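One structure below.
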Amino acid sequence: MKATLEFSDDDEVKLRQYLDGPLAFDVLWDVDQHLRMQIKHGEMSEAVADALQAVRDYLHTSAAEHGISIDA
């Protein structure tokens with residue numbers, strides 16, 4: 001079976017976003033893991049580590065508010 005779908009410009013953007021969802025999740029997970037490793041093993045001031053942890057906490061909170069868990 002073959003089907004042809006036609007989209008308006010707005011619909012095509014939304015479709016691409018949905019199709020790229022798994023890739024976007026991989027990016028979020030990579031960013032989370034990078035932040036985790038920097039906080040745990042990076043050489044930085046406590047203030048910088050606290051700022052990175054705040055970003056990581058926000059990432060998890062925002063994801064959870066949208067029903068997404070980025071914990072592996």
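Here's how to read the names in the structure tokens: chain A, B, ... by the order shown, residue numbers from 1 in each chain, ligand numbers from 1 in the order shown.
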
message = Applying 12 Å and only C-alpha atoms, which residues near A:Phe25 remain after dropping the ones on its own chain fewer than 5 positions away? List them as a PyMOL selection string.
response = chain A and resi 17-20+30-32+59+63+68-72

message = Please report the interatomic distance between atom CA of A:Val48 and atom CA of A:Arg36 in Å with one decimal.
response = 12.7 Å

request  = Tell me, in Å to one decimal, how far atom CA of A:His34 is from atom CA of A:Glu46.
outcome  =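 Those two atoms sit 17.1 Å apart.
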
request  = Tell me, in Å to one decimal, how far atom CA of A:Ala24 is from atom CA of A:Arg56.
outcome  =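 Taking atom CA of A:Ala24 as the start and atom CA of A:Arg56 as the end point, the length is 16.3 Å.
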